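Before any comments, here is the structure.
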Amino acid sequence: MKRTLYLKFLFAYLIFGIFGFVIVSSFVSTTTYKRLVKEEAEATYREANLIANTYAADLYSNKRALDEVKEQMDNLATFMSATIWIINPSGRMVLATDQPLDILNERVIEGFDPTVTEDSYYTTGTFFESFDEDVLSVFSPITSDFKVKGYVVIHTSLDSIGRESDAFLAISYLLLIILFVLSLIILFFFTEMVYLPLKKITEATEQYASGNLHYEFSVDSTDEMGYLAATLSYMASEIARAEDNQKKFIANVSHDFRSPLTSIRGYLEAMLDGTIPPEMHEKYLGIVLGETERLTKLTNGLLALNNLNMKGVVLDISDFDINDVIRKTAASFEGTCTKKSIGIALVLSGDSLYVKADEMKIGQVIYNLLDNAIKFSHHDSTITIETTEKHNKVFVSVKDTGIGIPKDEIKYVFDRFYKSDLSRGKDKKGTGLGLSITKEIILAHNEHINVISTEGVGTEFIFSLPASEE
């Protein structure tokens, strides 16, 4: 571990502070300003609505004179520190508190559109170029006989709102600075509780990587760091076991490749030196071809298993009918089943049952399980394939009445190259990879596969898939 962890942490700490200030200055500032504008608009709207229902309504119903309403509006405008207008729907100014009454010279707001507020009752801006600076303009319609006769519009300066927003922003900055300073405590705890134990763990890891699996270290902690240290020590002991497993895996691969290669070489040498007469060549060439097919199957199985074990395997997920896939797969084994007098019973839930998975890979799973069941079934027996749906899951069962699996070997059935003693006597062409590939495909779908077996009675494999939402 390089001595840059502190620098990285401090850099992240500074980035946190910078982003904090940016967020406060942008998001918090904007949010606060909009909230203050909305609150001011709500208070102003109540006043505008009151004016529209009293003085303005009386003006349009000729209950009050224009100059009397003007006087009242001027008083209200002074009290509210605002400008009050009464405007006709056409934009003609009826009354304005910021200018004297002048009936002879009408003022018209060019481009006036009461829908400028959209879904609200207020807007901000220069109000159709009527002001030199942005103002808050609140609308309230004046109605009579269910018709809009005009509008009461109250304009308020945004300067006071801006000053209040700046005051809130200053408080936010102060709190951010306090939090930034207090968060320095995190650096201290990071040093004592994370950095130093992590340094010890890293040194131990380097020792283990160099081959010194007996290196000892300790971290006096009961938290995750202590657990990590203990786990690392345990890992060192497991590495040796993993090396043994790797050697065993290579031995299995070598054995499964060596056997057919030895047979191929032996038959070919026998044909070349005359030990096998020419009239028998066709028979033994067929045997050689069978051995090459076995090698091909073994190679393809290894490649498939390696690809499935690689992280980031892309599944072609789609919605498809699992019952249809089962029917087609079962049909492909018709010839094999006929030779062994084996029947396949389909107990399917409904005519169709849709799942969300990779159709091609799930088809391979069903093929492997059915091939395995046929391989270890007795003559004149029946294999049952059943589908059920429960709690948004679809369960597929492949059950045979064959030789079964010994109890102490069930936990190994999904291991690579696993073959029980019973299977070795019954099938010498298998690669021992089919069930491993099957399990990896199911795990890639984040689902589960289980096996239930009794020696001499039969075996059942059950796996789950997510039901389609359609």
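Residue names in the structure tokens use chain letters A, B, ... in the order shown, residue numbers from 1 in each chain, and ligand numbers from 1 in the order shown.
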Original post:
Gly17 of chain A: which residues within 10 Å, counting only C-alpha atoms, same-chain residues fewer than 4 positions away excluded, as a PyMOL selection string?
Top reply: chain A and resi 11-13+21-23+176-177+179-181
Expected file: the selected residues, N, CA and C atoms, as a PDB file, in the first residue's frame:
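Once written, again.pdb looks like this:
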```pdb
ATOM      1  N   PHE A  11      -8.033  14.556  -0.124  1.00  0.00           N
ATOM      2  CA  PHE A  11      -8.573  15.086  -1.378  1.00  0.00           C
ATOM      3  C   PHE A  11     -10.084  14.875  -1.445  1.00  0.00           C
ATOM      4  N   ALA A  12     -10.522  13.684  -1.040  1.00  0.00           N
ATOM      5  CA  ALA A  12     -11.964  13.416  -1.009  1.00  0.00           C
ATOM      6  C   ALA A  12     -12.663  14.333  -0.015  1.00  0.00           C
ATOM      7  N   TYR A  13     -11.969  14.603   1.085  1.00  0.00           N
ATOM      8  CA  TYR A  13     -12.527  15.490   2.115  1.00  0.00           C
ATOM      9  C   TYR A  13     -12.716  16.901   1.560  1.00  0.00           C
ATOM     10  N   PHE A  21     -20.304  23.423  -0.599  1.00  0.00           N
ATOM     11  CA  PHE A  21     -20.510  24.841  -0.859  1.00  0.00           C
ATOM     12  C   PHE A  21     -21.243  25.064  -2.183  1.00  0.00           C
ATOM     13  N   VAL A  22     -20.907  24.265  -3.186  1.00  0.00           N
ATOM     14  CA  VAL A  22     -21.590  24.409  -4.481  1.00  0.00           C
ATOM     15  C   VAL A  22     -23.071  24.108  -4.345  1.00  0.00           C
ATOM     16  N   ILE A  23     -23.388  23.034  -3.607  1.00  0.00           N
ATOM     17  CA  ILE A  23     -24.795  22.661  -3.437  1.00  0.00           C
ATOM     18  C   ILE A  23     -25.546  23.728  -2.657  1.00  0.00           C
ATOM     19  N   LEU A 176     -22.542  24.903   7.343  1.00  0.00           N
ATOM     20  CA  LEU A 176     -21.677  24.037   6.542  1.00  0.00           C
ATOM     21  C   LEU A 176     -20.238  24.115   7.029  1.00  0.00           C
ATOM     22  N   ILE A 177     -19.789  25.329   7.367  1.00  0.00           N
ATOM     23  CA  ILE A 177     -18.427  25.481   7.875  1.00  0.00           C
ATOM     24  C   ILE A 177     -18.257  24.743   9.202  1.00  0.00           C
ATOM     25  N   LEU A 179     -19.952  22.137  10.262  1.00  0.00           N
ATOM     26  CA  LEU A 179     -19.934  20.701   9.979  1.00  0.00           C
ATOM     27  C   LEU A 179     -18.612  20.278   9.358  1.00  0.00           C
ATOM     28  N   PHE A 180     -18.058  21.119   8.516  1.00  0.00           N
ATOM     29  CA  PHE A 180     -16.794  20.807   7.851  1.00  0.00           C
ATOM     30  C   PHE A 180     -15.667  20.699   8.872  1.00  0.00           C
ATOM     31  N   VAL A 181     -15.668  21.601   9.849  1.00  0.00           N
ATOM     32  CA  VAL A 181     -14.636  21.567  10.884  1.00  0.00           C
ATOM     33  C   VAL A 181     -14.824  20.365  11.804  1.00  0.00           C
TER      34      VAL A 181
END
```
**OP:** May I have the residues within 8 Å of Val24 of chain A as a PyMOL selection string, using only C-alpha atoms and disregarding those fewer than 6 positions away in the same chain?
**Re:** chain A and resi 169+172-173
**OP:** Going by DSSP on the backbone, which bits of segment 95-344 of chain A are strand (DSSP E)? Write them as a count of residues only, please.
**Re:** 34
Subject >> Neighbour list for Ser332 of chain A as a list of chain:residue names, cut-off 12 Å, only C-alpha atoms, skip fewer than 5 positions in-chain >> reply: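 Skipping anything fewer than 5 positions along the chain leaves A:Val325, A:Ile326, A:Arg327, A:Cys337, A:Thr338, A:Ile344, A:Gly363, A:Ile366, A:Tyr367, A:Leu370, A:Asp371.
Picture a line from atom CA of Thr123 of chain A to atom CA of Asp166 of chain A; it runs 21.0 Å.
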Residue contacts of Asn212 of chain A (12 Å, only C-alpha atoms) excluding same-chain residues fewer than 5 positions away, as a compact mmCIF listing (two decimals) with N, CA, C and O atoms, in the first residue's frame:
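Saved as around_36.txt:
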```txt
# COMPACT_ATOMS: atom_id res chain seq x y z
N GLU A 203 0.31 -5.58 4.84
CA GLU A 203 1.62 -6.22 5.02
C GLU A 203 1.47 -7.74 5.07
O GLU A 203 2.28 -8.48 4.48
N ALA A 204 0.43 -8.22 5.76
CA ALA A 204 0.19 -9.67 5.82
C ALA A 204 -0.14 -10.23 4.45
O ALA A 204 0.33 -11.31 4.07
N THR A 205 -0.92 -9.48 3.70
CA THR A 205 -1.29 -9.92 2.35
C THR A 205 -0.06 -10.05 1.47
O THR A 205 0.07 -10.99 0.68
N GLU A 206 0.87 -9.10 1.59
CA GLU A 206 2.10 -9.16 0.80
C GLU A 206 2.93 -10.39 1.18
O GLU A 206 3.53 -11.03 0.30
N GLN A 207 2.94 -10.71 2.48
CA GLN A 207 3.67 -11.91 2.92
C GLN A 207 3.04 -13.17 2.34
O GLN A 207 3.74 -14.07 1.87
N SER A 233 -6.32 -14.53 7.87
CA SER A 233 -5.51 -15.62 8.42
C SER A 233 -6.09 -16.97 8.01
O SER A 233 -5.36 -17.92 7.66
N ALA A 236 -5.29 -17.79 4.43
CA ALA A 236 -3.94 -18.30 4.18
C ALA A 236 -3.92 -19.82 4.27
O ALA A 236 -3.26 -20.50 3.46
N SER A 237 -4.64 -20.37 5.25
CA SER A 237 -4.68 -21.82 5.38
C SER A 237 -5.48 -22.48 4.25
O SER A 237 -5.22 -23.63 3.88
N ILE A 239 -5.53 -21.34 1.18
CA ILE A 239 -4.81 -21.24 -0.10
C ILE A 239 -4.13 -22.56 -0.43
O ILE A 239 -4.15 -23.02 -1.57
N ALA A 240 -3.51 -23.16 0.59
CA ALA A 240 -2.85 -24.45 0.38
C ALA A 240 -3.84 -25.50 -0.10
O ALA A 240 -3.55 -26.28 -1.01
```
**OP:** Enumerate as a PyMOL selection string all residues of segment 22-141 of chain A assigned to helix (DSSP H, G or I) by DSSP on the backbone, naming them with the chain letters and numbers the document uses.
**Re:** chain A and resi 22-53+55-60+66-80+114-117
**OP:** Extract, using only C-alpha atoms, all DNA, RNA and protein residues at most 9 Å from Leu465 of chain A, discarding same-chain residues fewer than 4 positions from it, and format them as a PyMOL selection string.
**Re:** chain A and resi 355-357+392-396+442+445-448
Restricting it to N, CA, C and O atoms, dump the selection as a PDB file, in the first residue's frame.
```pdb
ATOM      1  N   VAL A 355     -41.922 -17.387 -18.291  1.00  0.00           N
ATOM      2  CA  VAL A 355     -40.869 -17.008 -17.346  1.00  0.00           C
ATOM      3  C   VAL A 355     -40.024 -15.917 -17.975  1.00  0.00           C
ATOM      4  O   VAL A 355     -40.081 -15.675 -19.188  1.00  0.00           O
ATOM      5  N   LYS A 356     -39.210 -15.260 -17.156  1.00  0.00           N
ATOM      6  CA  LYS A 356     -38.318 -14.205 -17.627  1.00  0.00           C
ATOM      7  C   LYS A 356     -36.889 -14.685 -17.412  1.00  0.00           C
ATOM      8  O   LYS A 356     -36.372 -14.659 -16.293  1.00  0.00           O
ATOM      9  N   ALA A 357     -36.249 -15.154 -18.483  1.00  0.00           N
ATOM     10  CA  ALA A 357     -34.909 -15.734 -18.368  1.00  0.00           C
ATOM     11  C   ALA A 357     -34.287 -15.805 -19.756  1.00  0.00           C
ATOM     12  O   ALA A 357     -34.845 -15.298 -20.739  1.00  0.00           O
ATOM     13  N   ASN A 392     -44.778 -15.856  -7.498  1.00  0.00           N
ATOM     14  CA  ASN A 392     -44.055 -15.213  -8.599  1.00  0.00           C
ATOM     15  C   ASN A 392     -42.788 -15.962  -9.001  1.00  0.00           C
ATOM     16  O   ASN A 392     -41.869 -15.379  -9.570  1.00  0.00           O
ATOM     17  N   LYS A 393     -42.746 -17.265  -8.675  1.00  0.00           N
ATOM     18  CA  LYS A 393     -41.645 -18.118  -9.086  1.00  0.00           C
ATOM     19  C   LYS A 393     -42.198 -19.331  -9.824  1.00  0.00           C
ATOM     20  O   LYS A 393     -43.273 -19.829  -9.485  1.00  0.00           O
ATOM     21  N   VAL A 394     -41.449 -19.778 -10.814  1.00  0.00           N
ATOM     22  CA  VAL A 394     -41.806 -20.991 -11.546  1.00  0.00           C
ATOM     23  C   VAL A 394     -40.777 -22.059 -11.189  1.00  0.00           C
ATOM     24  O   VAL A 394     -39.572 -21.827 -11.281  1.00  0.00           O
ATOM     25  N   PHE A 395     -41.254 -23.227 -10.759  1.00  0.00           N
ATOM     26  CA  PHE A 395     -40.379 -24.320 -10.361  1.00  0.00           C
ATOM     27  C   PHE A 395     -40.491 -25.442 -11.391  1.00  0.00           C
ATOM     28  O   PHE A 395     -41.599 -25.851 -11.751  1.00  0.00           O
ATOM     29  N   VAL A 396     -39.331 -25.903 -11.844  1.00  0.00           N
ATOM     30  CA  VAL A 396     -39.263 -26.983 -12.832  1.00  0.00           C
ATOM     31  C   VAL A 396     -38.603 -28.187 -12.169  1.00  0.00           C
ATOM     32  O   VAL A 396     -37.515 -28.068 -11.579  1.00  0.00           O
ATOM     33  N   ILE A 442     -28.084 -21.519 -13.781  1.00  0.00           N
ATOM     34  CA  ILE A 442     -29.133 -21.131 -12.833  1.00  0.00           C
ATOM     35  C   ILE A 442     -28.633 -20.028 -11.909  1.00  0.00           C
ATOM     36  O   ILE A 442     -29.340 -19.062 -11.614  1.00  0.00           O
ATOM     37  N   HIS A 445     -28.719 -16.596 -13.250  1.00  0.00           N
ATOM     38  CA  HIS A 445     -30.056 -15.994 -13.209  1.00  0.00           C
ATOM     39  C   HIS A 445     -30.451 -15.587 -11.786  1.00  0.00           C
ATOM     40  O   HIS A 445     -31.596 -15.193 -11.560  1.00  0.00           O
ATOM     41  N   ASN A 446     -29.514 -15.741 -10.839  1.00  0.00           N
ATOM     42  CA  ASN A 446     -29.802 -15.444  -9.417  1.00  0.00           C
ATOM     43  C   ASN A 446     -30.923 -16.336  -8.871  1.00  0.00           C
ATOM     44  O   ASN A 446     -31.743 -15.893  -8.066  1.00  0.00           O
ATOM     45  N   GLU A 447     -30.956 -17.580  -9.329  1.00  0.00           N
ATOM     46  CA  GLU A 447     -31.945 -18.550  -8.868  1.00  0.00           C
ATOM     47  C   GLU A 447     -31.229 -19.746  -8.245  1.00  0.00           C
ATOM     48  O   GLU A 447     -30.009 -19.733  -8.087  1.00  0.00           O
ATOM     49  N   HIS A 448     -31.989 -20.783  -7.891  1.00  0.00           N
ATOM     50  CA  HIS A 448     -31.426 -21.913  -7.159  1.00  0.00           C
ATOM     51  C   HIS A 448     -31.807 -23.231  -7.825  1.00  0.00           C
ATOM     52  O   HIS A 448     -32.844 -23.338  -8.490  1.00  0.00           O
TER      53      HIS A 448
END
```
Subject >> Distance of atom CA of Met80 of chain A from atom CA of Thr44 of chain A, expressed in Å to one decimal place >> reply: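 A separation of 8.8 Å between them.
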**OP:** Might you pull out every residue within 9 Å of Phe127 of chain A, with only C-alpha atoms counted and same-chain residues fewer than 3 positions away left off, and present them as a list of chain:residue names?
**Re:**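 Selected residues are A:Ile109, A:Phe112, A:Thr123, A:Thr124, A:Ser130, A:Phe131, A:Asp134, A:Val135, A:Leu136, A:Ser137, A:His155.
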**OP:** Quote the spacing between atom CA of Ile322 of chain A and atom CA of Thr384 of chain A in Å to one decimal place.
**Re:**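 Answer for the atom CA of Ile322 of chain A to atom CA of Thr384 of chain A separation: 15.3 Å.
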